[in-house]
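As stored in run_11.cif (mmCIF, C-alpha atoms):
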```cif
data_work
loop_
_atom_site.label_atom_id
_atom_site.label_comp_id
_atom_site.auth_asym_id
_atom_site.auth_seq_id
_atom_site.Cartn_x
_atom_site.Cartn_y
_atom_site.Cartn_z
CA MET G 1 -38.07 -56.77 -88.75
CA ILE G 2 -41.76 -56.68 -87.81
CA ILE G 3 -44.47 -59.27 -87.30
CA GLU G 4 -46.49 -59.35 -90.49
CA GLN G 5 -48.81 -62.29 -89.84
CA ALA G 6 -50.07 -64.24 -86.81
CA GLU G 7 -52.05 -67.47 -87.18
CA VAL G 8 -53.50 -69.90 -84.64
CA VAL G 9 -53.31 -73.48 -85.93
CA VAL G 10 -55.45 -76.15 -84.28
CA THR G 11 -54.75 -79.77 -85.17
CA SER G 12 -55.53 -83.18 -83.68
CA PRO G 13 -53.08 -85.85 -84.91
CA GLY G 14 -54.04 -88.25 -82.09
CA ARG G 15 -54.70 -85.44 -79.60
CA ASN G 16 -55.46 -81.72 -79.80
CA PHE G 17 -52.69 -79.14 -80.16
CA VAL G 18 -52.84 -75.35 -80.41
CA THR G 19 -49.91 -73.60 -82.12
CA LEU G 20 -49.25 -69.90 -82.66
CA ARG G 21 -47.42 -69.22 -85.93
CA LEU G 22 -45.78 -65.79 -86.34
CA THR G 23 -44.36 -64.67 -89.70
CA THR G 24 -42.11 -61.64 -90.10
CA ASP G 25 -41.84 -59.29 -93.05
CA ASP G 26 -38.56 -60.95 -94.06
CA GLY G 27 -40.11 -64.44 -94.09
CA LEU G 28 -39.02 -65.96 -90.77
CA VAL G 29 -41.58 -68.18 -89.05
CA GLY G 30 -41.68 -68.62 -85.26
CA LEU G 31 -43.79 -71.18 -83.37
CA GLY G 32 -45.28 -71.23 -79.89
CA ASP G 33 -47.25 -73.97 -78.11
CA ALA G 34 -50.59 -72.89 -76.56
CA THR G 35 -52.11 -76.31 -75.83
CA LEU G 36 -54.26 -76.55 -72.70
CA ASN G 37 -55.52 -80.12 -72.58
CA GLY G 38 -59.32 -80.30 -72.35
CA ARG G 39 -59.74 -76.51 -72.65
CA GLU G 40 -57.91 -75.87 -75.91
CA LEU G 41 -60.49 -73.65 -77.57
CA ALA G 42 -60.49 -71.21 -74.66
CA VAL G 43 -56.87 -70.42 -75.48
CA VAL G 44 -57.63 -70.35 -79.21
CA SER G 45 -60.24 -67.63 -78.63
CA TYR G 46 -57.94 -65.71 -76.27
CA LEU G 47 -55.25 -65.66 -78.93
CA ARG G 48 -57.37 -65.07 -82.04
CA ASP G 49 -59.84 -62.59 -80.58
CA HIS G 50 -57.62 -60.65 -78.19
CA VAL G 51 -53.88 -61.17 -78.69
CA VAL G 52 -53.25 -61.62 -82.42
CA PRO G 53 -54.55 -58.12 -83.32
CA LEU G 54 -51.97 -56.68 -80.89
CA LEU G 55 -49.03 -58.46 -82.52
CA ILE G 56 -49.22 -57.26 -86.11
CA GLY G 57 -46.57 -54.62 -86.75
CA ARG G 58 -44.67 -55.24 -83.49
CA ASP G 59 -40.91 -55.63 -83.29
CA PRO G 60 -40.36 -59.35 -82.52
CA HIS G 61 -37.01 -58.65 -80.87
CA ARG G 62 -38.70 -56.86 -77.94
CA ILE G 63 -39.50 -60.05 -76.05
CA GLU G 64 -39.50 -58.76 -72.47
CA ASP G 65 -41.50 -55.67 -73.44
CA THR G 66 -44.08 -57.78 -75.29
CA TRP G 67 -44.37 -60.18 -72.35
CA GLN G 68 -45.01 -57.36 -69.88
CA PHE G 69 -47.44 -55.68 -72.28
CA LEU G 70 -49.56 -58.83 -72.70
CA TYR G 71 -49.48 -59.64 -68.97
CA ARG G 72 -50.17 -56.16 -67.59
CA SER G 73 -52.37 -54.58 -70.25
CA ALA G 74 -55.10 -57.20 -69.90
CA TYR G 75 -55.63 -56.21 -66.23
CA TRP G 76 -57.03 -59.76 -65.62
CA ARG G 77 -53.78 -61.52 -64.84
CA ARG G 78 -52.58 -65.10 -64.31
CA GLY G 79 -54.58 -68.28 -64.86
CA PRO G 80 -53.90 -71.14 -67.29
CA VAL G 81 -55.67 -69.65 -70.31
CA THR G 82 -53.94 -66.27 -70.10
CA MET G 83 -50.53 -67.72 -69.34
CA ALA G 84 -50.72 -70.36 -72.10
CA ALA G 85 -51.55 -67.64 -74.60
CA ILE G 86 -48.68 -65.44 -73.40
CA ALA G 87 -46.37 -68.47 -73.46
CA ALA G 88 -47.19 -69.14 -77.10
CA VAL G 89 -46.27 -65.57 -78.06
CA ASP G 90 -43.13 -65.62 -75.93
CA VAL G 91 -41.77 -68.89 -77.33
CA ALA G 92 -42.56 -67.86 -80.91
CA LEU G 93 -40.63 -64.61 -80.36
CA TRP G 94 -37.63 -66.49 -78.94
CA ASP G 95 -37.80 -68.83 -81.96
CA LEU G 96 -37.71 -65.82 -84.31
CA LYS G 97 -34.89 -64.09 -82.44
CA ALA G 98 -32.71 -67.20 -82.47
CA GLN G 99 -33.37 -67.80 -86.17
CA ALA G 100 -32.48 -64.19 -86.94
CA ALA G 101 -29.24 -64.68 -84.96
CA GLY G 102 -28.51 -67.92 -86.80
CA MET G 103 -28.19 -69.80 -83.50
CA PRO G 104 -30.00 -72.58 -81.64
CA LEU G 105 -32.11 -70.95 -78.95
CA TYR G 106 -30.09 -72.30 -76.02
CA GLN G 107 -27.13 -70.21 -77.19
CA LEU G 108 -29.14 -67.02 -76.66
CA LEU G 109 -30.06 -68.23 -73.16
CA GLY G 110 -26.41 -68.41 -72.14
CA GLY G 111 -25.16 -71.51 -73.93
CA ALA G 112 -25.11 -75.14 -72.88
CA SER G 113 -24.55 -76.01 -69.21
CA ARG G 114 -24.42 -79.75 -69.94
CA THR G 115 -24.06 -82.18 -72.83
CA GLY G 116 -27.62 -83.53 -72.60
CA LEU G 117 -30.73 -83.68 -70.44
CA LEU G 118 -31.56 -86.65 -68.23
CA ALA G 119 -35.14 -87.72 -68.95
CA TYR G 120 -37.60 -90.06 -67.31
CA GLY G 121 -40.26 -92.19 -68.92
CA HIS G 122 -43.66 -93.48 -67.79
CA ALA G 123 -43.79 -97.17 -66.84
CA SER G 124 -47.06 -98.59 -65.58
CA GLY G 125 -49.04 -101.76 -65.07
CA ARG G 126 -52.27 -103.05 -63.61
CA ASP G 127 -50.28 -105.59 -61.65
CA LEU G 128 -46.62 -106.33 -60.89
CA PRO G 129 -45.86 -108.54 -63.93
CA GLU G 130 -47.32 -105.93 -66.27
CA LEU G 131 -45.43 -103.17 -64.45
CA PHE G 132 -42.13 -105.07 -64.61
CA ASP G 133 -42.60 -105.60 -68.36
CA SER G 134 -43.21 -101.88 -68.81
CA ILE G 135 -40.09 -100.95 -66.83
CA ARG G 136 -37.98 -103.36 -68.90
CA ASP G 137 -39.40 -101.88 -72.10
CA HIS G 138 -38.47 -98.35 -71.00
CA LEU G 139 -34.98 -99.45 -70.03
CA GLU G 140 -34.58 -100.98 -73.49
CA GLN G 141 -35.64 -97.63 -74.99
CA GLY G 142 -32.72 -96.03 -73.17
CA TYR G 143 -34.44 -94.37 -70.22
CA ARG G 144 -32.18 -93.96 -67.19
CA ALA G 145 -34.99 -92.91 -64.84
CA ILE G 146 -38.49 -94.36 -64.59
CA ARG G 147 -41.80 -93.06 -63.25
CA VAL G 148 -43.75 -95.93 -61.70
CA GLN G 149 -47.57 -95.89 -61.75
CA THR G 150 -49.60 -98.92 -60.74
CA GLY G 151 -53.09 -100.29 -60.56
CA VAL G 152 -54.72 -100.57 -57.16
CA PRO G 153 -56.73 -103.70 -56.26
CA GLY G 154 -60.43 -102.93 -56.26
CA LEU G 155 -60.17 -99.84 -58.48
CA ASN G 156 -61.14 -100.07 -62.13
CA ALA G 157 -58.96 -97.31 -63.56
CA VAL G 158 -56.05 -95.45 -61.98
CA TYR G 159 -54.28 -92.39 -63.36
CA GLY G 160 -51.19 -93.12 -65.42
CA VAL G 161 -51.73 -96.83 -66.06
CA ALA G 162 -51.40 -97.25 -69.80
CA ALA G 163 -53.35 -100.52 -70.00
CA ASN G 164 -56.56 -99.05 -68.55
CA GLN G 165 -59.63 -99.80 -70.61
CA ARG G 166 -61.67 -96.91 -72.00
CA ALA G 167 -65.07 -96.59 -73.57
CA ASP G 168 -64.56 -93.88 -76.19
CA ASP G 169 -63.30 -93.97 -79.76
CA THR G 170 -59.64 -93.75 -78.74
CA ALA G 171 -59.80 -97.27 -77.28
CA GLY G 172 -56.59 -99.11 -78.02
CA ALA G 173 -54.41 -96.02 -77.54
CA ARG G 174 -52.12 -95.80 -74.52
CA TYR G 175 -54.12 -94.26 -71.70
CA ASP G 176 -51.08 -92.31 -70.49
CA TYR G 177 -50.48 -91.00 -74.02
CA GLU G 178 -53.89 -89.29 -74.02
CA PRO G 179 -56.17 -89.78 -71.04
CA ALA G 180 -58.58 -87.17 -72.45
CA SER G 181 -61.42 -89.08 -74.05
CA ARG G 182 -63.24 -87.96 -77.18
CA GLY G 183 -66.94 -87.27 -76.63
CA ALA G 184 -69.52 -85.02 -75.03
CA PHE G 185 -68.72 -85.78 -71.37
CA PRO G 186 -65.64 -86.80 -69.36
CA GLN G 187 -65.07 -90.39 -68.34
CA GLU G 188 -65.71 -91.19 -64.68
CA GLU G 189 -63.08 -93.11 -62.69
CA ASP G 190 -63.10 -94.40 -59.13
CA TRP G 191 -60.73 -93.72 -56.25
CA ASP G 192 -59.94 -94.93 -52.72
CA THR G 193 -57.00 -93.18 -51.04
CA ARG G 194 -56.67 -95.65 -48.17
CA ALA G 195 -56.46 -98.59 -50.59
CA TYR G 196 -53.81 -96.72 -52.56
CA LEU G 197 -51.75 -95.94 -49.44
CA ARG G 198 -51.86 -99.59 -48.36
CA HIS G 199 -50.85 -100.88 -51.77
CA LEU G 200 -48.16 -98.54 -53.06
CA PRO G 201 -45.24 -99.18 -50.65
CA GLY G 202 -45.35 -102.88 -51.48
CA VAL G 203 -45.15 -102.06 -55.18
CA PHE G 204 -41.96 -100.05 -54.71
CA GLU G 205 -40.51 -102.77 -52.50
CA ALA G 206 -41.09 -105.25 -55.32
CA VAL G 207 -39.66 -102.90 -57.97
CA ARG G 208 -36.51 -102.30 -55.92
CA GLY G 209 -36.18 -106.04 -55.38
CA GLU G 210 -36.39 -106.68 -59.11
CA PHE G 211 -34.40 -103.75 -60.52
CA GLY G 212 -31.98 -102.89 -57.73
CA PRO G 213 -31.12 -99.75 -55.77
CA GLU G 214 -29.45 -97.66 -58.50
CA LEU G 215 -32.35 -97.00 -60.88
CA PRO G 216 -33.93 -93.56 -60.20
CA LEU G 217 -37.65 -94.11 -59.52
CA LEU G 218 -40.37 -91.44 -59.53
CA HIS G 219 -44.06 -91.50 -58.63
CA ASP G 220 -46.98 -89.12 -59.25
CA GLY G 221 -49.71 -88.80 -56.61
CA HIS G 222 -51.70 -86.48 -58.91
CA HIS G 223 -53.01 -84.19 -56.14
CA ARG G 224 -55.13 -86.91 -54.53
CA MET G 225 -53.95 -86.85 -50.92
CA THR G 226 -54.49 -84.53 -47.99
CA PRO G 227 -51.26 -83.18 -46.44
CA ILE G 228 -51.27 -85.78 -43.65
CA GLN G 229 -51.91 -88.61 -46.13
CA ALA G 230 -49.09 -87.30 -48.31
CA ALA G 231 -46.77 -87.17 -45.29
CA LYS G 232 -47.67 -90.77 -44.46
CA LEU G 233 -46.92 -91.92 -48.00
CA GLY G 234 -43.64 -90.00 -48.23
CA LYS G 235 -42.46 -91.59 -44.99
CA ALA G 236 -43.55 -95.07 -46.11
CA LEU G 237 -41.60 -94.70 -49.37
CA GLU G 238 -38.35 -93.54 -47.75
CA PRO G 239 -36.77 -97.05 -47.75
CA TYR G 240 -37.10 -97.16 -51.56
CA ASP G 241 -35.12 -93.94 -52.20
CA LEU G 242 -37.41 -92.19 -54.70
CA PHE G 243 -35.98 -89.53 -57.00
CA TRP G 244 -39.19 -87.66 -56.22
CA LEU G 245 -42.81 -87.92 -55.12
CA GLU G 246 -44.82 -85.65 -57.39
CA ASP G 247 -48.00 -83.69 -56.63
CA CYS G 248 -48.57 -85.49 -53.35
CA THR G 249 -51.26 -82.98 -52.34
CA PRO G 250 -53.02 -80.06 -54.08
CA ALA G 251 -50.40 -77.35 -53.76
CA GLU G 252 -52.76 -74.40 -54.03
CA ASN G 253 -52.60 -74.86 -50.28
CA GLN G 254 -48.89 -74.05 -50.16
CA GLN G 255 -48.81 -74.17 -46.36
CA GLY G 256 -49.93 -77.80 -46.49
CA LEU G 257 -46.46 -78.75 -47.73
CA ARG G 258 -45.05 -77.69 -44.35
CA LEU G 259 -46.78 -80.68 -42.78
CA VAL G 260 -45.49 -83.04 -45.48
CA ARG G 261 -41.95 -81.74 -45.12
CA GLN G 262 -41.99 -82.19 -41.34
CA HIS G 263 -42.63 -85.91 -41.67
CA THR G 264 -40.65 -87.16 -44.66
CA THR G 265 -37.31 -86.75 -46.41
CA THR G 266 -38.67 -88.10 -49.71
CA PRO G 267 -37.93 -85.38 -52.33
CA LEU G 268 -41.02 -83.50 -53.50
CA ALA G 269 -41.91 -82.16 -56.95
CA ILE G 270 -44.82 -79.80 -57.56
CA GLY G 271 -46.13 -77.28 -60.06
CA GLU G 272 -47.46 -78.71 -63.31
CA ILE G 273 -50.76 -76.82 -62.84
CA PHE G 274 -49.05 -73.63 -61.63
CA ASN G 275 -48.89 -70.61 -63.92
CA THR G 276 -46.79 -67.89 -62.27
CA VAL G 277 -44.01 -67.29 -59.79
CA TYR G 278 -46.61 -66.26 -57.22
CA ASP G 279 -47.77 -69.89 -56.98
CA TYR G 280 -44.29 -70.81 -55.76
CA GLN G 281 -43.40 -68.09 -53.27
CA THR G 282 -44.01 -70.02 -50.03
CA LEU G 283 -42.87 -73.34 -51.49
CA VAL G 284 -39.54 -71.91 -52.64
CA THR G 285 -38.64 -69.51 -49.84
CA GLU G 286 -39.41 -72.13 -47.18
CA GLN G 287 -37.74 -74.88 -49.24
CA LEU G 288 -40.85 -77.07 -49.11
CA ILE G 289 -40.17 -78.66 -52.51
CA ASP G 290 -37.13 -79.94 -54.38
CA TYR G 291 -38.25 -79.68 -58.02
CA VAL G 292 -40.28 -77.13 -60.02
CA ARG G 293 -42.70 -78.98 -62.32
CA SER G 294 -44.07 -76.13 -64.44
CA ALA G 295 -44.21 -76.35 -68.22
CA VAL G 296 -42.99 -73.61 -70.53
CA THR G 297 -46.37 -73.88 -72.28
CA HIS G 298 -48.50 -73.15 -69.20
CA THR G 299 -46.24 -70.75 -67.30
CA GLY G 300 -45.86 -67.74 -69.53
CA GLY G 301 -43.15 -69.12 -71.77
CA ILE G 302 -39.37 -69.15 -71.54
CA THR G 303 -39.19 -65.57 -70.22
CA HIS G 304 -41.29 -66.22 -67.12
CA LEU G 305 -40.27 -69.81 -66.36
CA ARG G 306 -36.60 -68.78 -66.53
CA LYS G 307 -37.32 -66.23 -63.80
CA ILE G 308 -39.05 -68.87 -61.65
CA LEU G 309 -36.12 -71.26 -62.03
CA ASP G 310 -33.59 -68.53 -61.23
CA PHE G 311 -35.61 -67.77 -58.09
CA ALA G 312 -35.67 -71.49 -57.19
CA ALA G 313 -31.92 -71.80 -57.75
CA GLN G 314 -31.26 -69.51 -54.80
CA TYR G 315 -32.74 -72.25 -52.59
CA GLN G 316 -31.05 -75.21 -54.32
CA ILE G 317 -34.33 -76.24 -55.96
CA LYS G 318 -34.05 -77.76 -59.44
CA SER G 319 -36.14 -78.01 -62.58
CA GLY G 320 -38.38 -80.94 -63.47
CA MET G 321 -40.32 -79.46 -66.36
CA HIS G 322 -43.68 -80.97 -67.29
CA GLY G 323 -43.38 -82.93 -70.54
CA PRO G 324 -46.21 -85.36 -71.33
CA THR G 325 -47.67 -85.57 -74.81
CA ASP G 326 -50.17 -82.75 -74.22
CA ILE G 327 -47.09 -80.54 -74.48
CA SER G 328 -46.59 -80.33 -78.25
CA PRO G 329 -43.16 -80.84 -79.85
CA VAL G 330 -42.92 -77.04 -79.93
CA GLY G 331 -43.36 -76.80 -76.16
CA MET G 332 -41.01 -79.73 -75.62
CA ALA G 333 -38.30 -78.11 -77.73
CA ALA G 334 -38.64 -74.90 -75.71
CA ALA G 335 -38.19 -76.88 -72.49
CA LEU G 336 -35.09 -78.60 -73.85
CA HIS G 337 -33.41 -75.35 -74.86
CA LEU G 338 -34.18 -73.84 -71.46
CA GLY G 339 -33.10 -76.97 -69.60
CA LEU G 340 -29.81 -77.16 -71.46
CA ALA G 341 -28.96 -73.57 -70.55
CA ILE G 342 -29.93 -73.23 -66.87
CA HIS G 343 -27.57 -74.29 -64.10
CA ASN G 344 -30.21 -75.86 -61.81
CA PHE G 345 -31.58 -78.43 -64.25
CA GLY G 346 -32.84 -81.56 -62.50
CA ILE G 347 -34.64 -83.91 -64.91
CA GLN G 348 -36.97 -83.68 -67.91
CA GLU G 349 -40.23 -85.58 -68.28
CA TYR G 350 -40.31 -87.14 -71.74
CA MET G 351 -43.11 -89.05 -73.44
CA LYS G 352 -42.67 -89.82 -77.10
CA HIS G 353 -45.31 -88.42 -79.43
CA GLY G 354 -47.14 -90.55 -81.96
CA THR G 355 -46.18 -90.91 -85.61
CA ARG G 356 -48.89 -88.56 -86.88
CA THR G 357 -47.81 -85.84 -84.43
CA ASP G 358 -44.21 -86.20 -85.60
CA GLU G 359 -45.39 -85.75 -89.20
CA VAL G 360 -47.18 -82.50 -88.33
CA PHE G 361 -44.33 -81.16 -86.19
CA ARG G 362 -40.91 -81.88 -87.71
CA GLN G 363 -38.29 -81.90 -84.95
CA THR G 364 -34.51 -81.84 -84.70
CA PHE G 365 -34.07 -82.69 -81.01
CA THR G 366 -32.34 -86.00 -80.31
CA TRP G 367 -32.68 -88.86 -77.82
CA THR G 368 -29.39 -90.72 -77.24
CA ASP G 369 -28.39 -92.98 -74.35
CA GLY G 370 -31.13 -91.63 -72.11
CA LEU G 371 -30.25 -87.98 -72.77
CA LEU G 372 -32.21 -85.38 -74.74
CA HIS G 373 -30.65 -82.56 -76.74
CA PRO G 374 -32.55 -79.78 -78.57
CA GLY G 375 -30.26 -79.87 -81.61
CA ASP G 376 -28.26 -77.09 -83.23
CA GLN G 377 -30.61 -75.76 -85.90
CA PRO G 378 -31.27 -72.00 -85.61
CA GLY G 379 -34.28 -71.27 -83.42
CA LEU G 380 -36.30 -73.97 -81.69
CA GLY G 381 -35.56 -76.58 -84.33
CA VAL G 382 -39.25 -77.39 -84.98
CA THR G 383 -41.24 -76.71 -88.14
CA LEU G 384 -45.01 -77.03 -88.57
CA ASP G 385 -46.36 -78.72 -91.69
CA VAL G 386 -49.56 -76.69 -92.10
CA ASP G 387 -50.96 -78.95 -94.83
CA GLU G 388 -50.40 -82.05 -92.72
CA ALA G 389 -51.94 -80.32 -89.69
CA GLY G 390 -55.04 -79.55 -91.75
CA LYS G 391 -55.75 -83.27 -92.15
CA TYR G 392 -56.60 -83.56 -88.45
CA PRO G 393 -59.36 -81.20 -87.30
CA TYR G 394 -60.05 -80.48 -83.64
CA GLU G 395 -62.07 -83.08 -81.73
CA ARG G 396 -63.68 -82.29 -78.39
CA ALA G 397 -62.02 -84.22 -75.57
CA TYR G 398 -62.20 -84.15 -71.78
CA LEU G 399 -59.82 -85.39 -69.12
CA PRO G 400 -61.40 -87.93 -66.72
CA TYR G 401 -62.70 -87.12 -63.27
CA ASN G 402 -62.84 -89.14 -60.04
CA ARG G 403 -65.53 -90.15 -57.58
CA LEU G 404 -64.89 -91.77 -54.20
CA THR G 405 -66.68 -94.97 -53.24
CA ASP G 406 -69.52 -92.91 -51.67
CA GLY G 407 -69.98 -90.90 -54.87
CA THR G 408 -68.12 -87.73 -53.85
CA VAL G 409 -66.26 -85.97 -56.69
CA HIS G 410 -62.52 -86.11 -55.90
CA ASP G 411 -59.29 -84.79 -57.45
CA TRP G 412 -58.34 -86.71 -60.59
#
```
Could you render the structure from this file as structure tokens?
Amino acid sequence: MIIEQAEVVVTSPGRNFVTLRLTTDDGLVGLGDATLNGRELAVVSYLRDHVVPLLIGRDPHRIEDTWQFLYRSAYWRRGPVTMAAIAAVDVALWDLKAQAAGMPLYQLLGGASRTGLLAYGHASGRDLPELFDSIRDHLEQGYRAIRVQTGVPGLNAVYGVAANQRADDTAGARYDYEPASRGAFPQEEDWDTRAYLRHLPGVFEAVRGEFGPELPLLHDGHHRMTPIQAAKLGKALEPYDLFWLEDCTPAENQQGLRLVRQHTTTPLAIGEIFNTVYDYQTLVTEQLIDYVRSAVTHTGGITHLRKILDFAAQYQIKSGMHGPTDISPVGMAAALHLGLAIHNFGIQEYMKHGTRTDEVFRQTFTWTDGLLHPGDQPGLGVTLDVDEAGKYPYERAYLPYNRLTDGTVHDW
């Protein structure tokens, strides 16, 4: 079996997706997700202009060899564009191998370690009544764990709040479904860390008072705090027993997490913008985090993320794979197969895609009683309807950015 054809499919059924489609000489088709939200075409060019010519005629069974070849032969290593491109190839090869074996992919990764994957959903509101309604809605959908994001008095738009108003042509869509706005320039939002730190503990006090102590609650700080601010927030949230506090500070400064860890026992999750195991070395070996947040799509695929999670397992650190809707159904399926197989699974982020996306990407994974399962079809269990994808051409979109009250550009 050899790779006979490699295509890069770009489609925008509500948001932009980049998919690598590999076809073998005996007619098998493997898919890989290469979506990098807001910089999609950079990965498209990397794949089409540099990687695809290297794939034709290769043996698709040689997954590890192909991964090392693409990583090492480029000389310029790491980074989100490179690692998303390698991830797309890697996942497509795993899809082909599992189809050729006649097995769902998780069986080739060692078989199931659990019956299903606990997932959390995104509840949000501009104020407490709106937030409570959102939590109730997610509970009715079957979620057993809830991420809580809230508006902050005095700020016009805050990350993760679905009801935020927007000025572009995607107005009316859930902000947390696709915060990237269509147009020539990113949307500007405002931010005040001190106001946020004053407001948030009271929100979690109210949520616990309304929904009780048993419901696992999560929160995403989205890289906006300094280490000492993050430590202050983690300590303030301890009475409310969070499942995790995510991205409390920009973790490129891995040593900054030492300060956070010294001051709070709130569990910490980090890594959605990380791309390789090297981003995690200090965080893992010093046990400065509790959950690895990387996505299969942005971290070199199943081959590399499996190695990161095996490394983390030595330190009792679990998975919390990134899974918003800028991860396509192909990337989500890859995460589910990997999560079902590994021993140190923690929780899976899960946002439901829109109807048009589900028509482009036909999926077999299931959502039952708050648990996800990748299904038992051979391979990933996802097929791409190329004709349907062609109805939705790429549209330029940018994620928002933040300015502080004095006009300084801040982390979004």
- Message: Given the point (-53.5, -101.7, -63.2) in the file's coordinates, find the residues that have an atom at most 8 Å from it, counting only C-alpha atoms, and give them as a ChimeraX atom specification.
- Response: /G:124-127,150-153,156-158,161,163-164
Resolved residues for the PyMOL selection byres ((chain G and resi 94) around 9) as a short mmCIF file (atom, residue, chain, number, x, y, z; two decimals) with C-alpha atoms, keeping the file's coordinate frame:
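Ended up saving to out.cif:
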```cif
data_model
loop_
_atom_site.label_atom_id
_atom_site.label_comp_id
_atom_site.auth_asym_id
_atom_site.auth_seq_id
_atom_site.Cartn_x
_atom_site.Cartn_y
_atom_site.Cartn_z
CA GLY G 30 -41.68 -68.62 -85.26
CA LEU G 31 -43.79 -71.18 -83.37
CA PRO G 60 -40.36 -59.35 -82.52
CA HIS G 61 -37.01 -58.65 -80.87
CA ILE G 63 -39.50 -60.05 -76.05
CA VAL G 89 -46.27 -65.57 -78.06
CA ASP G 90 -43.13 -65.62 -75.93
CA VAL G 91 -41.77 -68.89 -77.33
CA ALA G 92 -42.56 -67.86 -80.91
CA LEU G 93 -40.63 -64.61 -80.36
CA ASP G 95 -37.80 -68.83 -81.96
CA LEU G 96 -37.71 -65.82 -84.31
CA LYS G 97 -34.89 -64.09 -82.44
CA ALA G 98 -32.71 -67.20 -82.47
CA GLN G 99 -33.37 -67.80 -86.17
CA LEU G 105 -32.11 -70.95 -78.95
CA LEU G 108 -29.14 -67.02 -76.66
CA ILE G 302 -39.37 -69.15 -71.54
CA THR G 303 -39.19 -65.57 -70.22
CA GLY G 379 -34.28 -71.27 -83.42
CA LEU G 380 -36.30 -73.97 -81.69
#
```
- Gap from CA of Pro267 (chain G) to CA of Trp244 (chain G) - Å, one decimal: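 Pair CA of Pro267 (chain G) / CA of Trp244 (chain G) returns 4.7 Å.
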- Quick one, how far is CA of Trp367 (chain G) from CA of Glu246 (chain G)?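 Atom-to-atom, CA of Trp367 (chain G) to CA of Glu246 (chain G), that is 24.0 Å.
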- Message: Can you tell me which residues surround region 387-399 of chain G at a distance of at most 8 Å, considering all atoms listed in the file, apart from same-chain residues fewer than 2 positions away, and format the answer as number ranges by chain?
- Response: G: 9-13, 16, 37-38, 179-187, 359-360, 384-385, 401
- Task: Go through G:Leu139, G:Gly202, G:Tyr106, G:Tyr278 and flag the residue nearest Arg77 (chain G), using only C-alpha atoms for the distances.
- Result: G:Tyr278
- What separation in Å, quoted to one decimal, exists between CA of Val18 (chain G) and CA of Met351 (chain G)?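 It comes out at 18.2 Å.
Running the PyMOL selection byres ((chain G and resi 235) around 10) on this file leaves Pro201, Gln229, Ala230, Ala231, Lys232, Leu233, Gly234, Ala236, Leu237, Glu238, Pro239, Val260, Arg261, His263, Thr264, Thr265 and Thr266 of chain G selected.
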- Item | 12 Å contact set for Asp247 (chain G), all atoms listed in the file, chain neighbours under 6 positions out, as a ChimeraX atom specification | /G:218-227,230-231,233-234,253-254,256-257,260,267-274,289-294,322,411-412
- Resolved residues for the PyMOL selection byres ((chain G and resi 344) around 7) as an NGL selection string: :G and (313 or 318-319 or 342-343 or 345-346)
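With distances taken from (-32.3, -86.3, -80.7) and restricted to only C-alpha atoms, the residues inside 12 Å are Gly116, Leu117, Ala333, Leu336, Lys352, Arg362, Gln363, Thr364, Phe365, Thr366, Trp367, Thr368, Asp369, Gly370, Leu371, Leu372, His373, Pro374, Gly375, Asp376, Gln377 and Gly381 of chain G.
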- With only C-alpha atoms as the basis for distance, which of G:Gly154, G:Gln107, G:Leu197, G:Thr383 is at the shortest distance from Cys248 (chain G)?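 Answer, going by the shortest atom-to-atom distance: G:Leu197.
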- Message: Considering all atoms listed in the file, can you say which of G:Asp133, G:Thr66, G:Thr249, G:Thr276 comes closest to Phe211 (chain G)?
- Response: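 Nearest candidate to Phe211 (chain G) out of G:Asp133, G:Thr66, G:Thr249, G:Thr276: G:Asp133.
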- Message: I'd like the neighbourhood of His138 (chain G) as a VMD selection string, where a residue qualifies if any of its atoms comes within 8 Å (using all atoms listed in the file), though same-chain residues fewer than 6 positions away should be ignored.
- Response: chain G and resid 121 to 123 146
